[in-house]
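Working notes for the structure below.
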Amino acid sequence: MQRPKIIDIRATTVTVPLEAPLRHANGAHWGRFVRTIVEIETDTGLVGLGEMGGGGESAEAAFKALKPYLLGHDPFQLEAMRFKITNPTASLYNNRTQLHAALEFACLDIVGKTLGVPVYDLLGGKVRDEVPFASYLFFRHANQDTGEGEVRTADQLIAQALDLKNRHGFTTHKLKSGVFPPDYELDVFRALAKAVGTDSLRYDPNAAFSVEEALRFGRGIEDLNNDYFEDPTWGLNGMRRVRDGVRIPLATNTVVINFEQLAANILQPAVDVILLDTTFWGGIRPCIKAAGVCETFQLGIAIHSSGELGIQLSTMLHLGAILPNLVFKADAHYHHLTDDVIVGGKMRYEAGAIRVPSGPGLGVELDRDKLGTYADLYKRLGGYPYDRDPARPGWFPLLPNTRWADPSDTLPIRF
Ligand SMILES: [Mg+2]
């Protein structure tokens with residue numbers, strides 16, 4: 001076997017439409033995701049695939065700037081790559097964790113393709129063939145072109161949940177929240193719970209509540225079939241206070257996203273379930289390492305979604321296949337997308353789960369036509385500010401927030 005060497009790194013920003021704009025506590029995804037697709041080419045003729053959230057010229061330039069660091073690098077040398085580009089003290093000056101994640105995905109893809117084995121076999125082997133997912137429900141603005149897809153009322157949210165359950169087989173439902181006043185969302189969430197019967201639930205207001213509001217809301221849903229209460233408030237100390245006063249496990253993807261914070265949470269517990277994100281943690285391998293720590297200390301884990309196309313989704317599937325202690329279903333924004341950039345189009349849910357790709361490496365290939373189409377679409381539409389709401393010009397939230405959206409406001413989006 002000839003050991004590969006990196007000869008090129010390319011980054012392409014794409015934008016893929018969503019069914020409708022997705023609202024959250026900080027603003028919205030404005031009807032599309034922007035992602036950067038990374039390709040690492042080797043002297044053995046292989047191309048490894050990576051993906052990162054966000055994009056544009058700055059992301060493309062950031063990957064280009066790392067080329068001199070990695071030209072000639074052997075993709076099997078993953079630990080060396082970690083220190084080449086994310087040495088912890090050098091990172092005080094240049095945080096490259098998310099860039100590293102995309103490069104790690106691509107290198108693992110190359111290693112798997114070189115050896116002819118899927119990524120899960122490189123990292124411990126799989127203990128399951130498919131990864132179960134929760135439905136990820138959002139309050140949504142109507143699609144600007146069709147006027148369809150608005151989710152604002154309890155009836156609209158229930159319709160969204162039942163439609164997704166019907167089409168994809170979900171039996172767990174997560175509501176991204178923190179958009180409308182807490183009392184309104186409490187009524188809506190309880191109506192949702194009633195409508196989905198014995199299915200389990202997750203409520204995630206992106207840390208928008210004060211500790212007291214989080215306690216009040218948490219006590220208002222304690223009797224429901226909750227998996228956990230996700231990031232009700234900000235910070236380890238705030239979460240610790242909420243945990244002391246609510247009988248629901250707390251989960252986070254905001255205050256435990258690295259090993260220092262994981263250690264702090266073990267020494268002084270604030271959160272019960274850690275949502276592992278292959279990008280936030282810097283790759284698939286750090287997530288496996290963190291899951292091992294959680295296994296030792298009997299903390300729960302789940303898989304976080306920061307918005308994904310098929311390459312990123314594949315990293316979540318390989319991770320999910322490997323982790324023995326994954327008792328909670330994974331999250332994905334994926335079913336809100338209208339298309340993907342991988343060959344074969346969007347991966348499909350069956351009975352609420354997606355099969356883990358079994359081809360060499362990550363097991364997904366780029367559809368070059370789609371890549372071109374969505375790179376062109378990005379050039380036409382550009383980026384969007386994740387932390388602004390297209391229907392609320394001039395608005396920005398406080399933390400804890402008090403500037404909720406008006407649930408009776410059906411004004412058209414002005415963008
Ligand atoms: Mg979350």
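Chain labels run A, B, ... following the order of the structure tokens; each chain numbers its residues from 1, and ligands are numbered from 1 in the order shown.
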
Residues at most 10 Å from ligand 1, using only C-alpha atoms and all ligand atoms? Could they come as a ChimeraX atom specification?
/A:174-177,202-207,229-232,251-254,275,304-306,331

Residues near Leu326 in chain A, anyone? I mean within 7 Å using only C-alpha atoms, not counting same-chain ones fewer than 2 positions away, as a list in words.
Ile301, Ala302, Leu323, Pro324 and Phe328 of chain A

Generate the output file for the selected residues, C-alpha atoms, as an mmCIF file, in the first residue's frame.
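Result file selection.cif:
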data_model
loop_
_atom_site.group_PDB
_atom_site.id
_atom_site.type_symbol
_atom_site.label_atom_id
_atom_site.label_comp_id
_atom_site.auth_asym_id
_atom_site.auth_seq_id
_atom_site.Cartn_x
_atom_site.Cartn_y
_atom_site.Cartn_z
ATOM 1 C CA ILE A 301 -24.750 11.465 25.339
ATOM 2 C CA ALA A 302 -26.595 12.306 22.151
ATOM 3 C CA LEU A 323 -20.820 4.709 20.368
ATOM 4 C CA PRO A 324 -22.095 1.922 22.645
ATOM 5 C CA PHE A 328 -30.693 8.949 23.066
#

Here is a test: counting only C-alpha atoms, which residue of A:Ala353, A:Leu309, A:Ile248, A:Ile40 is nearest to Thr171 in chain A?
A:Ala353

Neighbouring residues of range 115-123 of chain A were defined as those with any atom within 6 Å, considering only C-alpha atoms; residues of the same chain fewer than 3 positions away were excluded. Please report them as number ranges by chain.
A: 112, 126, 318, 358-362

Residues of the last selection are to be written out with N, CA and C atoms, as a PDB file, in the first residue's frame.
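Saved the output as selection-v4.pdb:
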ATOM      1  N   GLY A 112      -9.922   5.676   4.999  1.00  0.00           N
ATOM      2  CA  GLY A 112     -10.877   4.598   4.730  1.00  0.00           C
ATOM      3  C   GLY A 112     -10.828   4.149   3.281  1.00  0.00           C
ATOM      4  N   LYS A 126     -18.643  -0.797  14.217  1.00  0.00           N
ATOM      5  CA  LYS A 126     -20.003  -0.333  14.524  1.00  0.00           C
ATOM      6  C   LYS A 126     -20.714  -1.307  15.463  1.00  0.00           C
ATOM      7  N   HIS A 318     -21.498   7.784  11.230  1.00  0.00           N
ATOM      8  CA  HIS A 318     -20.366   6.938  11.637  1.00  0.00           C
ATOM      9  C   HIS A 318     -20.146   7.041  13.144  1.00  0.00           C
ATOM     10  N   SER A 358     -21.938   2.274   4.216  1.00  0.00           N
ATOM     11  CA  SER A 358     -20.987   1.175   4.430  1.00  0.00           C
ATOM     12  C   SER A 358     -19.868   1.139   3.387  1.00  0.00           C
ATOM     13  N   GLY A 359     -19.862   2.136   2.488  1.00  0.00           N
ATOM     14  CA  GLY A 359     -18.776   2.197   1.508  1.00  0.00           C
ATOM     15  C   GLY A 359     -17.477   2.638   2.162  1.00  0.00           C
ATOM     16  N   PRO A 360     -16.363   2.566   1.415  1.00  0.00           N
ATOM     17  CA  PRO A 360     -15.076   2.977   1.979  1.00  0.00           C
ATOM     18  C   PRO A 360     -15.086   4.441   2.436  1.00  0.00           C
ATOM     19  N   GLY A 361     -14.385   4.745   3.487  1.00  0.00           N
ATOM     20  CA  GLY A 361     -14.324   6.116   4.006  1.00  0.00           C
ATOM     21  C   GLY A 361     -15.657   6.525   4.603  1.00  0.00           C
ATOM     22  N   LEU A 362     -16.055   7.760   4.322  1.00  0.00           N
ATOM     23  CA  LEU A 362     -17.341   8.234   4.833  1.00  0.00           C
ATOM     24  C   LEU A 362     -18.517   7.606   4.078  1.00  0.00           C
TER      25      LEU A 362
END

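Inside range 156-249 of chain A, the residues DSSP reads as strand (DSSP E or B) when given the backbone are Thr172, His173, Lys174, Leu175, Lys176, Ser200, Leu201, Arg202, Tyr203, Asp204, Phe209, Asn226, Asp227, Tyr228, Phe229, Glu230 and Thr233 of chain A.
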
Output file for the residues above (C-alpha atoms, as a compact mmCIF listing (two decimals), in the first residue's frame):
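Dumped everything to selection-v6.txt:
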# COMPACT_ATOMS: atom_id res chain seq x y z
CA THR A 172 -39.12 11.50 19.51
CA HIS A 173 -39.75 15.19 18.85
CA LYS A 174 -37.51 18.10 19.64
CA LEU A 175 -38.81 21.64 19.51
CA LYS A 176 -36.36 24.43 18.80
CA SER A 200 -40.79 11.40 23.83
CA LEU A 201 -39.97 15.10 23.75
CA ARG A 202 -37.15 17.60 23.94
CA TYR A 203 -37.48 21.35 24.40
CA ASP A 204 -34.51 23.55 23.45
CA PHE A 209 -34.38 31.85 29.60
CA ASN A 226 -39.24 14.35 28.34
CA ASP A 227 -35.93 12.91 27.18
CA TYR A 228 -34.33 16.03 28.60
CA PHE A 229 -34.59 19.81 28.90
CA GLU A 230 -31.97 21.23 26.54
CA THR A 233 -30.45 28.85 30.40

Can you list, as an mmCIF file with N, CA and C atoms, in the first residue's frame, every protein, DNA or RNA residue that comes within 8 Å of range 336-344 of chain A when you count only C-alpha atoms, leaving out same-chain residues fewer than 2 positions away?
data_model
loop_
_atom_site.group_PDB
_atom_site.id
_atom_site.type_symbol
_atom_site.label_atom_id
_atom_site.label_comp_id
_atom_site.auth_asym_id
_atom_site.auth_seq_id
_atom_site.Cartn_x
_atom_site.Cartn_y
_atom_site.Cartn_z
ATOM 1 N N VAL A 16 -27.893 25.529 0.069
ATOM 2 C CA VAL A 16 -28.957 24.597 -0.318
ATOM 3 C C VAL A 16 -30.260 25.053 0.349
ATOM 4 N N PRO A 17 -31.337 25.165 -0.444
ATOM 5 C CA PRO A 17 -32.591 25.690 0.111
ATOM 6 C C PRO A 17 -33.211 24.791 1.180
ATOM 7 N N LEU A 18 -33.829 25.438 2.142
ATOM 8 C CA LEU A 18 -34.675 24.773 3.137
ATOM 9 C C LEU A 18 -36.120 24.882 2.667
ATOM 10 N N GLU A 19 -36.993 24.035 3.222
ATOM 11 C CA GLU A 19 -38.409 24.137 2.859
ATOM 12 C C GLU A 19 -38.968 25.508 3.225
ATOM 13 N N ALA A 20 -38.509 26.039 4.354
ATOM 14 C CA ALA A 20 -38.973 27.351 4.828
ATOM 15 C C ALA A 20 -37.966 27.863 5.855
ATOM 16 N N ARG A 32 -32.299 28.846 3.818
ATOM 17 C CA ARG A 32 -31.253 28.036 3.186
ATOM 18 C C ARG A 32 -30.138 27.807 4.198
ATOM 19 N N LEU A 309 -25.290 18.989 5.547
ATOM 20 C CA LEU A 309 -25.553 18.311 4.278
ATOM 21 C C LEU A 309 -25.022 16.879 4.441
ATOM 22 N N GLY A 310 -25.035 16.121 3.356
ATOM 23 C CA GLY A 310 -24.759 14.694 3.456
ATOM 24 C C GLY A 310 -23.396 14.302 3.981
ATOM 25 N N ILE A 311 -22.377 15.146 3.756
ATOM 26 C CA ILE A 311 -21.036 14.776 4.230
ATOM 27 C C ILE A 311 -21.001 14.842 5.753
ATOM 28 N N HIS A 333 -31.070 18.544 11.341
ATOM 29 C CA HIS A 333 -31.885 19.515 10.599
ATOM 30 C C HIS A 333 -32.252 18.957 9.218
ATOM 31 N N TYR A 334 -31.644 17.835 8.879
ATOM 32 C CA TYR A 334 -31.567 17.332 7.511
ATOM 33 C C TYR A 334 -32.915 17.299 6.783
ATOM 34 N N LYS A 346 -30.719 13.121 -1.274
ATOM 35 C CA LYS A 346 -30.815 13.051 0.191
ATOM 36 C C LYS A 346 -30.899 11.609 0.701
ATOM 37 N N MET A 347 -30.182 11.346 1.785
ATOM 38 C CA MET A 347 -30.336 10.045 2.452
ATOM 39 C C MET A 347 -31.748 9.959 3.014
ATOM 40 N N VAL A 364 -19.837 8.470 1.189
ATOM 41 C CA VAL A 364 -20.654 9.360 0.351
ATOM 42 C C VAL A 364 -19.758 9.990 -0.719
ATOM 43 N N GLU A 365 -20.347 10.277 -1.862
ATOM 44 C CA GLU A 365 -19.596 10.899 -2.960
ATOM 45 C C GLU A 365 -20.263 12.203 -3.351
ATOM 46 N N LEU A 366 -19.446 13.139 -3.813
ATOM 47 C CA LEU A 366 -19.983 14.434 -4.240
ATOM 48 C C LEU A 366 -20.661 14.310 -5.604
ATOM 49 N N ASP A 367 -21.832 14.896 -5.706
ATOM 50 C CA ASP A 367 -22.489 15.044 -6.997
ATOM 51 C C ASP A 367 -21.991 16.376 -7.576
ATOM 52 N N ARG A 368 -21.121 16.273 -8.586
ATOM 53 C CA ARG A 368 -20.449 17.494 -9.098
ATOM 54 C C ARG A 368 -21.442 18.498 -9.682
ATOM 55 N N LYS A 370 -24.564 18.964 -8.729
ATOM 56 C CA LYS A 370 -25.245 19.615 -7.598
ATOM 57 C C LYS A 370 -24.300 20.606 -6.914
ATOM 58 N N LEU A 371 -23.057 20.199 -6.777
ATOM 59 C CA LEU A 371 -22.083 21.095 -6.143
ATOM 60 C C LEU A 371 -22.016 22.408 -6.926
ATOM 61 N N TYR A 374 -25.315 24.505 -6.507
ATOM 62 C CA TYR A 374 -25.488 25.176 -5.214
ATOM 63 C C TYR A 374 -24.339 26.132 -4.885
#
